[in-house]
Amino acid sequence: MTDTLTPTPVLPPLQIGRHTIASPVVLAPMAGITNRAFRRLCRRYGDEGSAAGGASGATSLYVSEMITSRALVERNAMTMRLIEHDPDESPRSIQLYSVDPETTGRAAHLLASENRCDHIDLNFGCPVPKVTRKGGGSALPWKTDLFRGVVSAAVRAAAPYDIPVTVKMRRGIDEDHLTFLEAGRIAEGEGAAAVALHARTAAQAYSGHAQWNAIAQLKQAVTSIPVLGNGDIWSAEDALRMVRETGCDGVVVGRGCLGRPWLFTDLAAAFAGGSTRVQPTMREVADTLRLHTVYLAEFFESEDKACRDIRKHIAWYFKGFRVGSELRAGLGLVKSLASLDDLIGSLDLDQPWPGEAAEGPRGRAGSERHVVLPEGWLDSRTVDDDTRRDVAAAEAWSSGG
C-alpha cells in the first residue's frame with residue numbers, strides 16, 4: 001500500500017489577538033464592495049477549499065467596508081446597516097475610519113460594549129482626495145502624535161472586551177514622505193494585534209506596482225505581532241510569492257477578488273500546500289453573479305438597488321469571456337432579477353474558463369497623482385491645537401462607498 005502524502009502548509013494559522021484564522025488571508029475592506037452580501041459570497045466559495053483537502057477559505061478574515069467613527073457614534077442609519085453581520089460570520093470584523101482619537105474611542109466602545117464585532121481594523125490606507133484633504137486615511141500617519149492617539153484610543157476602548165485592534169496602512173504619502181516603518185512600530189507599541197501594509201504610497205493610489213520590499217522591511221521592524229502584506233495579489237501564486245519574498249505572516253486581498261469570490265478557495269488550498277485552483281465555466285460564473293445579486297437584494301431590502309449595485313461587478317465577473325458588446329450594455333443596465341435571467345440566458349454558457357485572459361489585474365489602476373492634504377500638513381510631524389481642532393471637525397459623517 002502506498003502512503004498518501006499530506007501537503008505541508010505554507011504558513012501556520014494567523015493569530016489576531018484571541019482569534020485564530022486558519023487560512024492566513026484577509027479580505028481587504030473596499031468601499032461599496034465588501035458589504036454583508038459580498039462577504040457571504042466569499043465565505044461560501046471559500047469553503048470549497050475544504051473539499052480539496054486544505055484549510056477552508058471560509059475561515060479567512062472578512063472585513064466590512066469602511067465605517068466612519070462619527071457616523072457610527074451618531075448611529076447614522078446606513079452605517080448601522082453596514083455593521084450588520086450574518087449569524088454565522090465569525091469573527092465579525094469592522095474597519096473604522098477616524099481622524100480624531102476621542103471619536104475613535106467612542107466608536108470602538110460602542111462596537112465592543114454592544115457586542116457588534118469581534119475585531120476592529122483601523123483605516124490608515126485610503127488614498128482618495130476627499131479623505132486625505134481632511135488629514136485622514138494614508139495622510140494621517142505623517143502626524144505621529146495623532147496616529148498614536150487614534151490607535152491608542154481604539155485599543156483602550158476595545159481591550160476590556162478582548163477585541164483585538166489591527167492597523168492597515170500604506171508606505172506613506174509619497175516617496176519623499178514615507179511613514180510605514182515608524183507607524184508600524186508605534187502601532188505595535190500601542191497594543192495593536194497586527195499591522196497590514198499596502199505596499200504603495202497614497203500618491204500611487206492603485207497605479208504602478210506595489211513595492212513588496214517594504215513589507216519585508218516592516219516585518220524586520222515589527223517583531224512581536226503579525227505583519228500582513230497587501231498589493232498586487234491577483235492569484236494564489238502571487239500570494240505564495242509574496243510570502244516567500246517578504247516573510248509576511250499572511251496576506252490581504254483586495255481588487256484581486258473582484259468578480260472572483262472563488263479566489264479564497266484558491267488561497268486556502270495554496271496555503272494548505274495544495275495545488276487545486278478553481279476554473280469556473282461561464283455557466284458557473286453567471287450563477288455566481290446571480291447569487292451575488294440575490295444576496296444584495298436581501299442586504300439592501302430592494303431588488304432595484306441590488307440590480308443597480310451589481311452593474312459595477314459585471315465586467316469583473318466576465319473578464320476574458322466572450323460577451324458581445326450589446327449583451328454587456330444590457331447587463332450594465334439591468335433593472336430586475338427577471339431581466340438579469342433573460343440576459344444570462346442569452347449568453348454562451350458552455351464557454352470554459354478562458355485562462356490567462358481572465359487572470360491578472362482588475363479594477364481601475366489610474367496614474368500617480370498629487371496627494372491633496374490640509375494646508376501646512378507636511379510642515380511638521382505633530383499637530384498643533386488649531387490643526388487638531390480642524391481635523392476633529394472634519395470627521396466624516398457618512399460611511400461606505
# chains A, B, ... in the order shown; residues from 1 in each chain; ligands from 1
call {"tool": "select_by_dssp", "arguments": {"residues": "stretch 129-231 of chain A", "states": "strand (DSSP E)", "output": "VMD selection string"}}
result
chain A and resid 165 to 172 194 to 201 227 to 230
call {"tool": "residues_around", "arguments": {"residues": "A:Arg185", "least_positions_apart": "4", "cutoff": "7 Å", "atoms": "only C-alpha atoms", "output": "MDAnalysis selection string"}}
result
chainID A and resid 181 189 221:222
call {"tool": "select_by_dssp", "arguments": {"residues": "stretch 225-342 of chain A", "states": "alpha helix (DSSP H)", "output": "MDAnalysis selection string"}}
result
chainID A and resid 236:246 263:271 282:300 303:317 325:331 337:342
call {"tool": "residues_around", "arguments": {"residues": "A:Ser367", "least_positions_apart": "4", "cutoff": "9 Å", "atoms": "only C-alpha atoms", "output": "list in words"}}
result
Ala203, Gln204, Ala205, Tyr206, Ser207 and Gly208 of chain A
call {"tool": "residues_around", "arguments": {"residues": "A:Pro352", "least_positions_apart": "6", "cutoff": "12 Å", "atoms": "only C-alpha atoms", "output": "VMD selection string"}}
result
chain A and resid 278 to 285 318 320 to 322 358
call {"tool": "write_last_selection", "arguments": {"atoms": "C-alpha atoms", "output": "PDB file, in the first residue's frame"}}
result
ATOM      1  CA  VAL A 278     -10.970  26.965  -9.351  1.00  0.00           C
ATOM      2  CA  GLN A 279     -11.567  27.488 -13.075  1.00  0.00           C
ATOM      3  CA  PRO A 280     -15.317  28.023 -13.473  1.00  0.00           C
ATOM      4  CA  THR A 281     -17.233  27.820 -16.727  1.00  0.00           C
ATOM      5  CA  MET A 282     -19.325  30.727 -17.965  1.00  0.00           C
ATOM      6  CA  ARG A 283     -22.405  28.975 -16.548  1.00  0.00           C
ATOM      7  CA  GLU A 284     -20.836  28.797 -13.086  1.00  0.00           C
ATOM      8  CA  VAL A 285     -19.740  32.421 -13.270  1.00  0.00           C
ATOM      9  CA  PHE A 318     -16.990  38.263 -17.255  1.00  0.00           C
ATOM     10  CA  GLY A 320     -11.893  37.193 -20.510  1.00  0.00           C
ATOM     11  CA  PHE A 321     -15.168  35.539 -21.559  1.00  0.00           C
ATOM     12  CA  ARG A 322     -16.801  36.121 -24.943  1.00  0.00           C
ATOM     13  CA  ALA A 358      -9.471  36.141 -17.112  1.00  0.00           C
TER      14      ALA A 358
END
call {"tool": "residues_around", "arguments": {"residues": "A:Lys335", "least_positions_apart": "5", "cutoff": "7 Å", "atoms": "only C-alpha atoms", "output": "PyMOL selection string"}}
result
chain A and resi 304+307-308
call {"tool": "closest_residue", "arguments": {"among": "A:Cys248, A:Leu333, A:Val323, A:Leu110", "to": "A:Ser346", "atoms": "only C-alpha atoms"}}
result
A:Val323
call {"tool": "residues_around", "arguments": {"residues": "A:Phe264", "least_positions_apart": "4", "cutoff": "12 Å", "atoms": "only C-alpha atoms", "output": "JSON, numbers by chain"}}
result
{"A": [23, 24, 25, 26, 27, 39, 40, 41, 42, 43, 44, 45, 46, 47, 48, 49, 50, 54, 55, 56, 57, 58, 59, 60, 61, 62, 233, 234, 235, 236, 239, 251, 252, 253, 254, 256, 257, 258, 259, 260, 268, 269, 270, 271, 276, 277, 278]}
call {"tool": "closest_residue", "arguments": {"among": "A:Thr34, A:Ser224, A:Ser98, A:Thr103", "to": "A:Gly136", "atoms": "only C-alpha atoms"}}
result
A:Ser98
call {"tool": "closest_residue", "arguments": {"among": "A:Ser93, A:Asn123, A:Asn230, A:Thr68", "to": "A:His19", "atoms": "only C-alpha atoms"}}
result
A:Ser93
call {"tool": "residues_around", "arguments": {"residues": "stretch 385-393 of chain A", "least_positions_apart": "4", "cutoff": "8 Å", "atoms": "only C-alpha atoms", "output": "list in words"}}
result
Val99, Asp100, Lys134 and Gly135 of chain A
call {"tool": "write_last_selection", "arguments": {"atoms": "C-alpha atoms", "output": "compact mmCIF listing (two decimals), in the first residue's frame"}}
result
# COMPACT_ATOMS: atom_id res chain seq x y z
CA VAL A 99 -9.13 61.39 12.33
CA ASP A 100 -9.98 62.11 15.97
CA LYS A 134 -9.08 66.12 5.84
CA GLY A 135 -5.89 64.52 7.12
call {"tool": "closest_residue", "arguments": {"among": "A:Lys319, A:Arg244, A:Arg381, A:His370", "to": "A:Pro354", "atoms": "only C-alpha atoms"}}
result
A:Lys319
call {"tool": "atom_distance", "arguments": {"atom1": "atom CA of A:Leu289", "atom2": "atom CA of A:Ile344"}}
result
9.5 Å
call {"tool": "atom_distance", "arguments": {"atom1": "atom CA of A:Gln15", "atom2": "atom CA of A:Gly250"}}
result
9.8 Å
call {"tool": "atom_distance", "arguments": {"atom1": "atom CA of A:Glu245", "atom2": "atom CA of A:Ala183"}}
result
21.9 Å
